[in-house]
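query_24.cif (mmCIF, C-alpha atoms) appears below.
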```cif
data_work
loop_
_atom_site.label_atom_id
_atom_site.label_comp_id
_atom_site.auth_asym_id
_atom_site.auth_seq_id
_atom_site.Cartn_x
_atom_site.Cartn_y
_atom_site.Cartn_z
CA MET L 1 6.55 -29.73 0.82
CA ARG L 2 2.81 -30.12 0.35
CA LEU L 3 1.30 -32.21 -2.39
CA ILE L 4 -0.06 -29.12 -4.14
CA THR L 5 3.56 -28.20 -4.82
CA HIS L 6 4.74 -31.73 -5.66
CA ASN L 7 2.04 -31.60 -8.35
CA MET L 8 4.07 -28.92 -10.13
CA LEU L 9 7.51 -30.52 -9.96
CA THR L 10 8.86 -32.48 -12.88
CA CYS L 11 12.13 -34.15 -13.76
CA HIS L 12 14.16 -31.72 -15.86
CA VAL L 13 17.34 -33.68 -16.51
CA LYS L 14 18.71 -33.14 -20.02
CA ASN L 15 17.10 -35.51 -22.54
CA CYS L 16 14.63 -36.84 -20.00
CA GLU L 17 11.60 -35.89 -22.02
CA ASP L 18 8.92 -38.57 -21.85
CA PRO L 19 6.03 -36.65 -20.29
CA ASP L 20 4.45 -39.85 -19.00
CA LYS L 21 7.60 -40.87 -17.18
CA GLN L 22 9.12 -37.59 -15.96
CA PHE L 23 5.97 -36.52 -14.11
CA PRO L 24 4.77 -37.04 -11.48
CA LEU L 25 7.91 -37.81 -9.53
CA ARG L 26 7.60 -40.96 -7.48
CA PHE L 27 8.19 -40.71 -3.73
CA LYS L 28 10.81 -42.92 -2.10
CA ASP L 29 11.16 -43.31 1.68
CA ALA L 30 8.75 -40.44 2.17
CA LYS L 31 8.25 -39.22 5.74
CA LEU L 32 4.87 -37.57 5.94
CA GLU L 33 3.49 -35.11 8.45
CA GLN L 34 -0.11 -33.92 8.65
CA ILE L 35 -0.24 -30.25 9.60
CA GLU L 36 -3.65 -28.74 10.09
CA ALA L 37 -4.38 -25.65 8.03
CA GLU L 38 -7.39 -23.40 7.79
CA ARG L 39 -9.69 -24.45 4.99
CA ASN L 40 -10.55 -21.89 2.33
CA ASP L 41 -13.13 -23.30 -0.08
CA GLU L 42 -12.89 -20.44 -2.55
CA PHE L 43 -9.16 -21.06 -2.78
CA LEU L 44 -9.60 -24.81 -3.21
CA VAL L 45 -12.17 -24.43 -5.97
CA ARG L 46 -9.97 -21.95 -7.79
CA MET L 47 -6.87 -24.15 -7.53
CA LEU L 48 -8.72 -27.28 -8.64
CA PRO L 49 -8.43 -26.74 -12.43
CA ARG L 50 -4.72 -26.02 -12.01
CA LEU L 51 -4.03 -29.44 -10.54
CA ASP L 52 -2.97 -32.34 -12.70
CA TRP L 53 -5.66 -34.61 -11.26
CA ALA L 54 -4.39 -37.84 -12.82
CA ALA L 55 -0.92 -37.20 -11.42
CA LEU L 56 -2.35 -36.28 -8.03
CA LEU L 57 -4.26 -39.56 -7.90
CA ILE L 58 -1.14 -41.56 -8.70
CA THR L 59 0.73 -39.77 -5.93
CA ALA L 60 -2.11 -40.06 -3.40
CA ASN L 61 -2.32 -43.79 -4.08
CA GLU L 62 1.43 -44.16 -3.61
CA LEU L 63 1.20 -42.46 -0.22
CA ASN L 64 -2.07 -44.11 0.85
CA ILE L 65 -3.89 -40.82 1.00
CA ALA L 66 -7.62 -40.85 0.44
CA LEU L 67 -8.69 -38.93 -2.63
CA PRO L 68 -11.82 -39.42 -4.78
CA GLU L 69 -11.10 -40.72 -8.29
CA LYS L 70 -13.38 -38.22 -9.96
CA VAL L 71 -13.78 -34.51 -9.41
CA PRO L 72 -17.51 -33.86 -8.78
CA ALA L 73 -19.49 -31.73 -11.22
CA GLN L 74 -20.03 -29.05 -8.58
CA PRO L 75 -17.07 -29.28 -6.21
CA GLU L 76 -18.03 -26.03 -4.48
CA ASN L 77 -21.11 -27.76 -3.09
CA ASP L 78 -19.41 -30.99 -2.08
CA ASP L 79 -18.11 -30.63 1.47
CA ALA L 80 -16.71 -34.15 1.71
CA PHE L 81 -14.80 -33.70 -1.52
CA LEU L 82 -13.40 -30.31 -0.47
CA GLN L 83 -12.32 -31.70 2.87
CA ALA L 84 -10.53 -34.63 1.24
CA LEU L 85 -8.90 -32.29 -1.26
CA HIS L 86 -7.84 -29.85 1.44
CA THR L 87 -6.28 -32.58 3.55
CA ALA L 88 -4.50 -34.16 0.60
CA ILE L 89 -2.98 -31.12 -1.05
CA LEU L 90 -2.59 -28.57 1.75
CA GLU L 91 -2.23 -30.54 4.97
CA THR L 92 -0.03 -33.43 3.83
CA HIS L 93 3.62 -32.47 4.06
CA VAL L 94 6.51 -34.62 2.87
CA GLN L 95 9.35 -33.73 5.22
CA GLU L 96 12.04 -36.23 4.21
CA GLY L 97 12.77 -38.77 1.51
CA SER L 98 13.27 -38.33 -2.19
CA MET L 99 11.40 -38.04 -5.48
CA VAL L 100 12.46 -40.41 -8.24
CA CYS L 101 11.99 -39.93 -11.96
CA ASN L 102 10.37 -42.96 -13.58
CA GLY L 103 12.09 -42.03 -16.82
CA CYS L 104 15.76 -41.47 -16.08
CA GLY L 105 15.91 -42.59 -12.45
CA HIS L 106 17.22 -39.29 -11.14
CA GLU L 107 16.56 -38.76 -7.42
CA TYR L 108 15.64 -35.36 -6.00
CA LYS L 109 16.15 -35.26 -2.24
CA ILE L 110 13.74 -33.71 0.22
CA THR L 111 15.33 -32.35 3.39
CA LYS L 112 13.37 -30.69 6.21
CA GLY L 113 10.46 -30.28 3.86
CA ILE L 114 12.46 -28.60 1.11
CA PRO L 115 12.77 -30.44 -2.22
CA ASN L 116 16.11 -29.99 -3.97
CA MET L 117 15.65 -29.63 -7.73
CA LEU L 118 19.28 -28.69 -8.45
CA LEU L 119 21.09 -30.67 -11.13
CA ALA L 120 24.75 -31.42 -11.80
CA GLU L 121 26.34 -29.70 -14.80
CA HIS L 122 26.16 -32.75 -17.02
CA GLU L 123 22.46 -33.15 -16.29
CA ILE L 124 21.50 -29.67 -17.45
CA MET X 1 -3.01 -5.41 9.27
CA LYS X 2 -1.75 -1.84 9.12
CA LEU X 3 1.38 -0.92 7.19
CA LYS X 4 3.32 0.17 10.27
CA GLN X 5 2.37 -3.05 12.05
CA LEU X 6 3.52 -5.18 9.14
CA GLU X 7 6.78 -3.28 8.88
CA GLY X 8 7.32 -3.72 12.61
CA TYR X 9 6.89 -7.47 12.43
CA LEU X 10 9.05 -7.82 9.33
CA GLY X 11 11.85 -5.98 11.12
CA GLU X 12 12.39 -9.25 12.98
CA VAL X 13 13.00 -11.30 9.82
CA ALA X 14 16.57 -12.64 9.87
CA GLY X 15 18.86 -11.72 6.97
CA PHE X 16 21.79 -13.42 5.25
CA LYS X 17 24.60 -14.53 7.58
CA ASP X 18 27.25 -14.66 4.85
CA PRO X 19 25.83 -13.10 1.71
CA LYS X 20 27.24 -14.56 -1.51
CA VAL X 21 28.54 -12.01 -4.02
CA GLN X 22 27.92 -14.12 -7.11
CA LEU X 23 24.26 -14.60 -6.21
CA GLU X 24 23.77 -10.87 -5.55
CA GLN X 25 22.41 -11.56 -2.10
CA TYR X 26 21.19 -8.26 -0.72
CA PRO X 27 18.42 -8.32 1.87
CA THR X 28 15.03 -6.90 0.98
CA THR X 29 14.35 -4.42 3.77
CA ALA X 30 11.32 -4.71 6.01
CA HIS X 31 10.42 -1.18 4.92
CA LEU X 32 10.30 -2.18 1.24
CA ALA X 33 8.69 -5.59 1.70
CA ALA X 34 5.96 -4.10 3.85
CA ARG X 35 5.15 -1.49 1.24
CA VAL X 36 5.13 -3.93 -1.68
CA LEU X 37 2.82 -6.40 0.03
CA TYR X 38 0.62 -3.77 1.64
CA THR X 39 0.07 -2.07 -1.73
CA ALA X 40 -0.42 -5.37 -3.55
CA GLU X 41 -3.23 -6.26 -1.18
CA THR X 42 -4.93 -2.98 -0.29
CA THR X 43 -4.79 -1.37 -3.73
CA TYR X 44 -5.04 -4.43 -5.95
CA GLY X 45 -6.34 -7.33 -3.85
CA ASP X 46 -3.55 -9.57 -5.12
CA ILE X 47 -2.54 -11.29 -1.87
CA GLU X 48 -5.40 -12.32 0.43
CA GLY X 49 -6.65 -15.83 -0.38
CA ARG X 50 -4.21 -16.06 -3.28
CA ALA X 51 -1.52 -18.52 -4.36
CA VAL X 52 1.73 -16.57 -4.36
CA VAL X 53 5.18 -17.43 -5.70
CA ASP X 54 8.38 -15.66 -4.59
CA LEU X 55 11.21 -16.20 -7.07
CA GLY X 56 14.69 -15.77 -5.62
CA CYS X 57 13.19 -15.67 -2.12
CA GLY X 58 16.53 -15.48 -0.30
CA CYS X 59 15.80 -15.34 3.43
CA GLY X 60 12.07 -15.26 2.79
CA MET X 61 11.24 -11.64 3.57
CA LEU X 62 8.66 -11.24 0.79
CA SER X 63 7.21 -14.71 1.41
CA VAL X 64 6.69 -14.07 5.12
CA ALA X 65 5.19 -10.67 4.31
CA ALA X 66 2.78 -12.28 1.84
CA ALA X 67 1.65 -14.80 4.46
CA MET X 68 1.08 -11.99 6.96
CA MET X 69 -1.08 -10.14 4.42
CA GLY X 70 -3.30 -13.21 4.06
CA ALA X 71 -1.99 -15.27 1.18
CA SER X 72 -3.48 -18.78 1.23
CA SER X 73 -0.36 -20.38 -0.14
CA VAL X 74 3.16 -19.08 -0.72
CA VAL X 75 6.00 -20.91 -2.45
CA GLY X 76 9.50 -19.43 -2.17
CA VAL X 77 12.11 -20.57 -4.68
CA ASP X 78 15.85 -20.07 -4.26
CA VAL X 79 19.05 -21.72 -5.43
CA ASP X 80 21.04 -21.31 -2.20
CA SER X 81 20.88 -23.83 0.70
CA ASP X 82 22.15 -21.34 3.22
CA ALA X 83 19.53 -18.75 2.34
CA LEU X 84 16.78 -21.39 2.41
CA GLU X 85 17.88 -22.51 5.86
CA ILE X 86 17.45 -18.96 7.12
CA ALA X 87 14.17 -18.65 5.24
CA GLN X 88 12.86 -21.78 6.95
CA ASP X 89 13.92 -20.40 10.34
CA ASN X 90 11.98 -17.23 9.56
CA ILE X 91 8.95 -19.26 8.51
CA ASP X 92 9.11 -21.18 11.79
CA GLU X 93 9.67 -18.05 13.91
CA PHE X 94 6.70 -16.30 12.33
CA GLU X 95 4.61 -19.50 12.46
CA VAL X 96 3.57 -19.24 8.83
CA GLY X 97 4.60 -22.80 7.98
CA GLU X 98 0.94 -23.65 7.33
CA VAL X 99 1.03 -21.34 4.33
CA VAL X 100 4.65 -20.89 3.21
CA GLU X 101 6.91 -23.53 1.76
CA LEU X 102 10.23 -23.53 -0.05
CA ILE X 103 11.78 -25.13 -3.11
CA GLN X 104 15.48 -25.26 -3.87
CA ALA X 105 15.89 -24.77 -7.58
CA ASN X 106 17.84 -22.93 -10.24
CA LEU X 107 15.46 -21.19 -12.61
CA CYS X 108 18.21 -20.56 -15.15
CA HIS X 109 21.19 -22.25 -16.65
CA ALA X 110 23.87 -21.35 -19.18
CA SER X 111 22.54 -22.46 -22.56
CA ALA X 112 24.88 -24.92 -24.26
CA GLY X 113 26.28 -23.03 -27.23
CA ASN X 114 26.74 -19.43 -26.18
CA ALA X 115 27.05 -19.53 -22.40
CA SER X 116 24.33 -16.92 -22.03
CA LEU X 117 21.62 -17.65 -19.52
CA ALA X 118 18.31 -19.25 -20.39
CA LEU X 119 15.31 -20.36 -18.36
CA ASP X 120 15.05 -23.99 -17.36
CA GLN X 121 12.05 -24.56 -19.64
CA PRO X 122 10.82 -27.94 -18.33
CA LEU X 123 10.98 -26.73 -14.74
CA VAL X 124 9.18 -23.46 -15.45
CA SER X 125 6.60 -25.01 -17.79
CA ARG X 126 5.32 -27.35 -15.11
CA MET X 127 4.90 -24.37 -12.74
CA THR X 128 3.20 -22.24 -15.40
CA ALA X 129 -0.16 -20.68 -14.51
CA LYS X 130 -0.22 -22.37 -11.10
CA PHE X 131 -0.16 -19.14 -9.10
CA ASP X 132 -2.24 -15.98 -8.86
CA THR X 133 0.51 -13.56 -7.94
CA ALA X 134 4.29 -13.46 -8.21
CA ILE X 135 6.41 -11.24 -5.99
CA LEU X 136 10.14 -10.96 -6.49
CA ASN X 137 13.29 -9.02 -5.82
CA PRO X 138 15.42 -10.76 -8.41
CA PRO X 139 19.20 -10.56 -8.90
CA PHE X 140 19.97 -7.62 -11.19
CA GLY X 141 22.47 -9.48 -13.35
CA THR X 142 25.50 -7.43 -12.40
CA LYS X 143 27.79 -10.38 -11.80
CA PRO X 144 29.81 -12.17 -14.52
CA GLY X 145 27.81 -14.77 -16.37
CA ASN X 146 24.51 -13.47 -14.99
CA LYS X 147 23.66 -10.89 -17.59
CA GLY X 148 19.95 -10.93 -18.34
CA ILE X 149 19.01 -12.89 -15.23
CA ASP X 150 16.65 -10.12 -14.12
CA THR X 151 14.70 -10.42 -17.37
CA LEU X 152 14.57 -14.21 -17.12
CA PHE X 153 13.23 -14.09 -13.57
CA LEU X 154 10.56 -11.61 -14.65
CA GLN X 155 9.66 -13.83 -17.59
CA ALA X 156 9.34 -16.87 -15.33
CA ALA X 157 7.17 -14.86 -12.95
CA CYS X 158 4.88 -13.82 -15.80
CA ALA X 159 4.56 -17.45 -16.87
CA MET X 160 3.73 -18.67 -13.37
CA ALA X 161 1.27 -16.00 -12.23
CA THR X 162 -2.10 -15.56 -13.88
CA GLY X 163 -3.03 -12.39 -12.03
CA ALA X 164 -0.19 -10.02 -11.30
CA VAL X 165 3.57 -9.78 -10.94
CA TYR X 166 5.37 -7.40 -8.57
CA SER X 167 9.08 -7.11 -9.22
CA LEU X 168 12.03 -4.82 -8.54
CA HIS X 169 14.38 -3.80 -11.32
CA LYS X 170 17.03 -1.19 -12.02
CA THR X 171 15.39 1.97 -13.34
CA SER X 172 17.91 1.92 -16.18
CA THR X 173 16.19 -1.20 -17.55
CA ARG X 174 12.67 0.26 -17.41
CA GLU X 175 11.98 0.89 -21.10
CA PHE X 176 13.54 -2.44 -22.08
CA LEU X 177 11.37 -4.33 -19.59
CA ILE X 178 8.17 -2.54 -20.59
CA LYS X 179 8.79 -3.66 -24.19
CA LYS X 180 9.60 -7.19 -23.02
CA ALA X 181 6.40 -7.28 -20.98
CA GLU X 182 4.42 -6.24 -24.04
CA SER X 183 5.98 -9.05 -26.03
CA TRP X 184 4.81 -11.49 -23.35
CA GLY X 185 1.26 -10.11 -23.44
CA PHE X 186 1.57 -8.05 -20.26
CA ARG X 187 1.11 -4.39 -19.46
CA CYS X 188 3.66 -2.95 -17.09
CA GLU X 189 3.23 -0.12 -14.62
CA VAL X 190 5.88 1.59 -12.50
CA LEU X 191 4.33 1.68 -9.01
CA ALA X 192 7.23 3.43 -7.32
CA GLU X 193 10.72 4.70 -7.85
CA LEU X 194 13.08 3.73 -5.10
CA LYS X 195 16.67 4.04 -4.11
CA PHE X 196 18.35 0.87 -2.94
CA ASP X 197 20.97 1.73 -0.43
CA VAL X 198 23.32 -1.19 -0.85
CA PRO X 199 25.58 -1.12 2.19
CA MET X 200 29.25 -2.05 2.12
CA MET X 201 28.51 -5.74 2.57
CA TYR X 202 31.27 -7.04 0.37
CA LYS X 203 35.03 -6.51 0.59
CA PHE X 204 35.21 -4.93 -2.86
CA HIS X 205 32.82 -2.09 -2.01
CA ARG X 206 34.98 0.98 -1.68
CA LYS X 207 32.27 3.41 -0.52
CA LYS X 208 30.22 2.94 2.64
CA SER X 209 27.10 2.38 0.59
CA VAL X 210 25.89 2.81 -2.95
CA ASP X 211 22.56 4.11 -4.17
CA ILE X 212 20.92 2.24 -7.02
CA GLU X 213 17.74 3.59 -8.63
CA VAL X 214 15.14 0.86 -8.64
CA ASP X 215 11.60 0.59 -10.02
CA LEU X 216 8.83 -1.37 -8.36
CA LEU X 217 6.97 -2.78 -11.35
CA ARG X 218 3.49 -4.26 -11.48
CA LEU X 219 2.71 -6.42 -14.50
CA GLU X 220 -0.71 -7.72 -15.44
CA PRO X 221 -1.74 -9.93 -18.36
CA ASN X 222 -3.46 -7.95 -21.14
CA ASN X 223 -6.30 -10.45 -21.35
CA LYS X 224 -7.28 -9.96 -17.70
#
```

Could you write out this structure as structure tokens?
Amino acid sequence: MRLITHNMLTCHVKNCEDPDKQFPLRFKDAKLEQIEAERNDEFLVRMLPRLDWAALLITANELNIALPEKVPAQPENDDAFLQALHTAILETHVQEGSMVCNGCGHEYKITKGIPNMLLAEHEI
Amino acid sequence: MKLKQLEGYLGEVAGFKDPKVQLEQYPTTAHLAARVLYTAETTYGDIEGRAVVDLGCGCGMLSVAAAMMGASSVVGVDVDSDALEIAQDNIDEFEVGEVVELIQANLCHASAGNASLALDQPLVSRMTAKFDTAILNPPFGTKPGNKGIDTLFLQAACAMATGAVYSLHKTSTREFLIKKAESWGFRCEVLAELKFDVPMMYKFHRKKSVDIEVDLLRLEPNNK
């Protein structure tokens, strides 16, 4: 699972509704793998507004991944920024570990790169 | 890539080992997947360089096809571990792991009071508008407790994709879905009428195979 996708996963346990706590999910025992991918600047610039930047920063800090605090005014012209963004969201894969909700404590496991968002009946 | 080439490659995509009746696991054929993705890209430009989501990805046929047609990012979502395992094998075999990833999730659940299905709102909301294109061959809702699941999947797809949605639905639901699409702010076009030849995969099938009339729909937001 790449960070671009983690940025769109939230805790959805019944009654877990505090938006500041249920997202982003906090990584626990995360095993990372960097997998090189072809960079597509047009794609990056288009995806940029769809990212929750504040959440991405929290996550990048947790995982010790370099990411600029602020999005530049003209990201399409900022090669260093685009490279950092590309590496962070498209080349950083979390292969194992779990994602924990800071609100209700629920743990979503990640196995072979696939996050499991399934819930038990009483959690739905 | 040419259509015949794509179809040839997709012929190697592994299918379900033990398809589960309740989940309506029927494989999307290479023939169909090739045509959907080829049309989506060559006629509409909806795949190359795009973020694509495949809801109910099963063994990953549509996801792999999207990657082969140049999608920059593909996310396949399915509820079943066994299907996802096969999907991951396909992703590895076709070496599209740079582009395609998988999520195990249930998009729907029985809503408390009336046991009819509803979308998992928090889950879908966080994924809303994150993709350009959605491609799906959703369950048709023919199994007990699943009535309406096809509509819910289509609704989720329309929420998640800002550009276009390609989905397969029983022809008998066409008028209903066109109205639904309108209510969601989407126009809906029937791109093709197909016949699904559902082979005798399950013990209860009495005939060798059954033909179901299916529409390939393309939905686009009205404000596009």

Could you tell me which residues the PyMOL selection byres ((chain X) within 6 of (chain L)) grabs in this file, written as a list in words?
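Applying the expression gives Glu98, Leu102, Ile103, Gln104, Ala105, Pro122, Arg126, Met127 and Lys130 of chain X.
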
Write the residues of the selection above to a file with C-alpha atoms, as a PDB file, in the coordinates of the input.
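New file result.pdb:
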```pdb
ATOM      1  CA  GLU X  98       0.940 -23.650   7.330  1.00  0.00           C
ATOM      2  CA  LEU X 102      10.230 -23.530  -0.050  1.00  0.00           C
ATOM      3  CA  ILE X 103      11.780 -25.130  -3.110  1.00  0.00           C
ATOM      4  CA  GLN X 104      15.480 -25.260  -3.870  1.00  0.00           C
ATOM      5  CA  ALA X 105      15.890 -24.770  -7.580  1.00  0.00           C
ATOM      6  CA  PRO X 122      10.820 -27.940 -18.330  1.00  0.00           C
ATOM      7  CA  ARG X 126       5.320 -27.350 -15.110  1.00  0.00           C
ATOM      8  CA  MET X 127       4.900 -24.370 -12.740  1.00  0.00           C
ATOM      9  CA  LYS X 130      -0.220 -22.370 -11.100  1.00  0.00           C
TER      10      LYS X 130
END
```

Interatomic distance, atom CA of Ala30 of chain L to atom CA of Leu123 of chain X (Å, one decimal):
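Distance between the two atoms: 21.9 Å.
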
So, with only C-alpha atoms as the atoms that count, which of X:Cys158, X:Leu177, X:Ile212, X:Ile91 lies closest to Phe196 of chain X?
X:Ile212

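Across the structure, atom CA of Leu154 of chain X and atom CA of Val190 of chain X are spaced 14.2 Å apart.
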
Let me make sure I understand: among X:Glu12, X:Glu7, X:Glu213, X:Glu41, which one has the smallest atom-to-atom distance to Thr133 of chain X if we use all atoms listed in the file?
X:Glu41

If the PyMOL selection byres ((chain X and resi 192) around 7) is run on the structure shown, which residues does it catch, given as a PyMOL selection string?
chain X and resi 190-191+193-194+215-216

Keeping only C-alpha atoms, write those residues as a tab-separated table (two decimals), keeping the file's coordinate frame.
```
chain	number	residue	atom	x	y	z
X	190	VAL	CA	5.88	1.59	-12.50
X	191	LEU	CA	4.33	1.68	-9.01
X	193	GLU	CA	10.72	4.70	-7.85
X	194	LEU	CA	13.08	3.73	-5.10
X	215	ASP	CA	11.60	0.59	-10.02
X	216	LEU	CA	8.83	-1.37	-8.36
```

Could you tell me how far atom CA of Ala33 of chain X sits from atom CA of Ser63 of chain X, in Å to one decimal place?
9.2 Å

Using all atoms listed in the file for the distances, tell me which of L:His86, L:Lys109, L:Lys31, L:Arg26 is nearest to Thr59 of chain L.
L:Arg26

I'd like the neighbourhood of segment 13-27 of chain X as a ChimeraX atom specification, where a residue qualifies if any of its atoms comes within 9 Å (using all atoms listed in the file), though same-chain residues fewer than 2 positions away should be ignored.
/X:9-11,29-30,58-61,64,79-80,82-83,86-87,89-90,93-94,138-144,146,198-199,201-202

Create the file for the chosen residues now, containing C-alpha atoms and written as a compact mmCIF listing (two decimals), keeping the file's coordinate frame.
```
# COMPACT_ATOMS: atom_id res chain seq x y z
CA TYR X 9 6.89 -7.47 12.43
CA LEU X 10 9.05 -7.82 9.33
CA GLY X 11 11.85 -5.98 11.12
CA THR X 29 14.35 -4.42 3.77
CA ALA X 30 11.32 -4.71 6.01
CA GLY X 58 16.53 -15.48 -0.30
CA CYS X 59 15.80 -15.34 3.43
CA GLY X 60 12.07 -15.26 2.79
CA MET X 61 11.24 -11.64 3.57
CA VAL X 64 6.69 -14.07 5.12
CA VAL X 79 19.05 -21.72 -5.43
CA ASP X 80 21.04 -21.31 -2.20
CA ASP X 82 22.15 -21.34 3.22
CA ALA X 83 19.53 -18.75 2.34
CA ILE X 86 17.45 -18.96 7.12
CA ALA X 87 14.17 -18.65 5.24
CA ASP X 89 13.92 -20.40 10.34
CA ASN X 90 11.98 -17.23 9.56
CA GLU X 93 9.67 -18.05 13.91
CA PHE X 94 6.70 -16.30 12.33
CA PRO X 138 15.42 -10.76 -8.41
CA PRO X 139 19.20 -10.56 -8.90
CA PHE X 140 19.97 -7.62 -11.19
CA GLY X 141 22.47 -9.48 -13.35
CA THR X 142 25.50 -7.43 -12.40
CA LYS X 143 27.79 -10.38 -11.80
CA PRO X 144 29.81 -12.17 -14.52
CA ASN X 146 24.51 -13.47 -14.99
CA VAL X 198 23.32 -1.19 -0.85
CA PRO X 199 25.58 -1.12 2.19
CA MET X 201 28.51 -5.74 2.57
CA TYR X 202 31.27 -7.04 0.37
```

Name the closest residue to Arg218 of chain X among the candidates X:Val165, X:Ser72, X:Trp184, X:Thr173; distances are taken between atoms, counting only C-alpha atoms.
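Looking at the shortest contact to Arg218 of chain X, the residue is X:Val165.
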
Identify the residues within 8 Å of coordinate (-4.3, -8.1, -22.4) (same frame as the file), considering all atoms listed in the file, and give the answer as a PyMOL selection string.
chain X and resi 185-187+220-224

Run the PyMOL selection byres ((chain L and resi 60) around 12) mentally over the shown coordinates, then write out the matched residues as a PyMOL selection string, using the chain letters and numbers from the document.
chain L and resi 2-4+6-7+24-27+32+53-59+61-69+84-85+87-89+92+94

Among listed residues L:Met99, L:Cys104, L:Leu48, L:Ala120, nearest Phe81 of chain L (using all atoms listed in the file)
L:Leu48
